[in-house]
Amino acid sequence: LRDVPEDDFDNFIMSPAGRVASKSNLPGLHAHYDPPTSSPRTSSRVEDLLGDSLLGPQDIAVLLQAGLTSAMKGSTVVQLNQRMLLDLIASQPKSFAIAVLAELGNDGPRPLASALMALCEVDQGSFKEAHRIEMH
């Protein structure tokens with residue numbers, strides 16, 4: 001976004017995750033994530049807000065939605081994939097989770113509510129009791 005001239009910036013269409021990353025006044029964004037301090041390079045503002053994952057919020061939202069609507073929701077593979085995606089979200093800054101939710105709710109509040117309800121009902125039968133996430 002730094003290379004976009006200011007006059008073209010008004011005509012630039014951003015995804016919901018991009019709009020979240022462009023906000024500067026979201027409360028508590030850095031409370032969860034401490035960027036690595038051992039790295040000599042300076043990170044950009046977008047990296048600080050959206051973390052260091054190779055998968056972006058839009059990718060995570062698509063993969064979560066695919067797992068939630070899968071015909072094989074109870075399979076071990078789907079459960080493991082959903083768990084890895086949730087762990088990835090938890091390892092990133094809070095703004096990353098906000099951006100994932102923005103992507104899930106891109107079509108409106110109903111799809112977002114539906115996805116959140118489906119996340120609460122994710123089958124975790126393949127995991128030991130100690131490794132299950134309390135979703136309620």
# chains A, B, ... in the order shown; residues from 1 in each chain; ligands from 1
$ residues_around --residues "A:Gln82" --least-positions-apart "3" --cutoff "8 Å" --atoms "only C-alpha atoms" --output "list of chain:residue names"
A:Leu64, A:Gly67, A:Val78, A:Gln79, A:Leu85, A:Leu86
$ write_last_selection --atoms "N, CA and C atoms" --output "PDB file, in the first residue's frame"
ATOM      1  N   LEU A  64     -11.436 -22.068   7.205  1.00  0.00           N
ATOM      2  CA  LEU A  64     -12.349 -22.339   8.325  1.00  0.00           C
ATOM      3  C   LEU A  64     -13.748 -22.627   7.814  1.00  0.00           C
ATOM      4  N   GLY A  67     -14.048 -26.050   6.265  1.00  0.00           N
ATOM      5  CA  GLY A  67     -14.122 -27.111   7.271  1.00  0.00           C
ATOM      6  C   GLY A  67     -15.459 -27.141   7.985  1.00  0.00           C
ATOM      7  N   VAL A  78     -10.517 -33.296   9.267  1.00  0.00           N
ATOM      8  CA  VAL A  78     -11.195 -32.002   9.350  1.00  0.00           C
ATOM      9  C   VAL A  78     -11.021 -31.417  10.749  1.00  0.00           C
ATOM     10  N   GLN A  79     -11.149 -32.252  11.777  1.00  0.00           N
ATOM     11  CA  GLN A  79     -10.967 -31.765  13.147  1.00  0.00           C
ATOM     12  C   GLN A  79      -9.556 -31.224  13.355  1.00  0.00           C
ATOM     13  N   LEU A  85      -5.942 -24.351  12.396  1.00  0.00           N
ATOM     14  CA  LEU A  85      -6.319 -22.987  12.015  1.00  0.00           C
ATOM     15  C   LEU A  85      -6.617 -22.142  13.245  1.00  0.00           C
ATOM     16  N   LEU A  86      -7.325 -22.709  14.226  1.00  0.00           N
ATOM     17  CA  LEU A  86      -7.611 -21.968  15.456  1.00  0.00           C
ATOM     18  C   LEU A  86      -6.334 -21.670  16.230  1.00  0.00           C
TER      19      LEU A  86
END
$ closest_residue --among "A:Leu68, A:Leu116, A:Ala61, A:Leu54" --to "A:Ala102" --atoms "only C-alpha atoms"
A:Ala61
$ residues_around --residues "stretch 103-107 of chain A" --least-positions-apart "3" --cutoff "10 Å" --atoms "only C-alpha atoms" --output "VMD selection string"
chain A and resid 15 to 18 57 to 62 64 to 65 97 to 100 110 to 116
$ write_last_selection --atoms "C-alpha atoms" --output "short mmCIF file (atom, residue, chain, number, x, y, z; two decimals), in the first residue's frame"
data_model
loop_
_atom_site.label_atom_id
_atom_site.label_comp_id
_atom_site.auth_asym_id
_atom_site.auth_seq_id
_atom_site.Cartn_x
_atom_site.Cartn_y
_atom_site.Cartn_z
CA SER A 15 -10.60 -6.45 1.53
CA PRO A 16 -12.09 -6.42 5.05
CA ALA A 17 -8.72 -7.56 6.41
CA GLY A 18 -7.00 -4.71 4.61
CA PRO A 57 -6.92 -13.58 7.26
CA GLN A 58 -8.83 -14.18 4.02
CA ASP A 59 -7.11 -17.55 3.53
CA ILE A 60 -7.86 -18.60 7.11
CA ALA A 61 -11.50 -17.52 6.77
CA VAL A 62 -11.94 -19.54 3.57
CA LEU A 64 -12.35 -22.34 8.33
CA GLN A 65 -15.56 -21.97 6.34
CA ALA A 97 -8.40 -12.60 14.60
CA ILE A 98 -10.45 -9.44 14.02
CA ALA A 99 -9.48 -9.54 10.35
CA VAL A 100 -10.45 -13.24 10.09
CA ARG A 110 -25.80 -13.62 9.31
CA PRO A 111 -22.93 -15.57 7.73
CA LEU A 112 -20.66 -14.39 10.54
CA ALA A 113 -23.15 -15.49 13.21
CA SER A 114 -23.59 -18.81 11.42
CA ALA A 115 -19.83 -19.39 11.26
CA LEU A 116 -19.40 -18.48 14.95
#
$ atom_distance --atom1 "atom CA of A:Arg132" --atom2 "atom CA of A:Ser95"
24.2 Å
$ closest_residue --among "A:Leu80, A:Leu55, A:Leu63, A:Gly74" --to "A:Glu121" --atoms "only C-alpha atoms"
A:Gly74
$ closest_residue --among "A:Lys94, A:Leu119, A:Asp52, A:Ile89" --to "A:Lys73" --atoms "only C-alpha atoms"
A:Leu119
$ decode --residues "stretch 86-134 of chain A" --atoms "C-alpha atoms" --output "short mmCIF file (atom, residue, chain, number, x, y, z; two decimals), in the first residue's frame"
data_model
loop_
_atom_site.label_atom_id
_atom_site.label_comp_id
_atom_site.auth_asym_id
_atom_site.auth_seq_id
_atom_site.Cartn_x
_atom_site.Cartn_y
_atom_site.Cartn_z
CA LEU A 86 -7.61 -21.97 15.46
CA ASP A 87 -4.12 -22.39 16.92
CA LEU A 88 -2.69 -20.26 14.09
CA ILE A 89 -5.23 -17.51 14.79
CA ALA A 90 -4.39 -17.64 18.50
CA SER A 91 -0.66 -17.31 17.80
CA GLN A 92 -1.10 -14.07 15.86
CA PRO A 93 -1.96 -10.55 17.08
CA LYS A 94 -5.55 -9.82 18.10
CA SER A 95 -5.99 -7.76 14.96
CA PHE A 96 -5.41 -10.93 12.91
CA ALA A 97 -8.40 -12.60 14.60
CA ILE A 98 -10.45 -9.44 14.02
CA ALA A 99 -9.48 -9.54 10.35
CA VAL A 100 -10.45 -13.24 10.09
CA LEU A 101 -13.84 -12.41 11.61
CA ALA A 102 -14.19 -9.49 9.20
CA GLU A 103 -13.53 -11.88 6.31
CA LEU A 104 -16.01 -14.44 7.68
CA GLY A 105 -18.62 -11.70 7.96
CA ASN A 106 -17.84 -10.13 4.60
CA ASP A 107 -21.31 -10.95 3.28
CA GLY A 108 -23.10 -9.61 6.36
CA PRO A 109 -23.85 -10.41 9.96
CA ARG A 110 -25.80 -13.62 9.31
CA PRO A 111 -22.93 -15.57 7.73
CA LEU A 112 -20.66 -14.39 10.54
CA ALA A 113 -23.15 -15.49 13.21
CA SER A 114 -23.59 -18.81 11.42
CA ALA A 115 -19.83 -19.39 11.26
CA LEU A 116 -19.40 -18.48 14.95
CA MET A 117 -22.20 -20.87 15.96
CA ALA A 118 -20.65 -23.62 13.83
CA LEU A 119 -17.25 -22.97 15.49
CA CYS A 120 -18.87 -23.48 18.89
CA GLU A 121 -20.16 -26.87 17.72
CA VAL A 122 -16.91 -28.12 16.15
CA ASP A 123 -16.51 -31.82 16.89
CA GLN A 124 -13.36 -32.52 18.90
CA GLY A 125 -13.92 -36.23 19.44
CA SER A 126 -10.55 -37.12 17.89
CA PHE A 127 -8.66 -35.22 20.60
CA LYS A 128 -7.85 -36.31 24.12
CA GLU A 129 -9.85 -34.52 26.78
CA ALA A 130 -6.79 -32.50 27.84
CA HIS A 131 -6.25 -31.18 24.29
CA ARG A 132 -9.81 -30.07 23.59
CA ILE A 133 -10.65 -26.38 23.38
CA GLU A 134 -13.52 -25.23 25.61
#
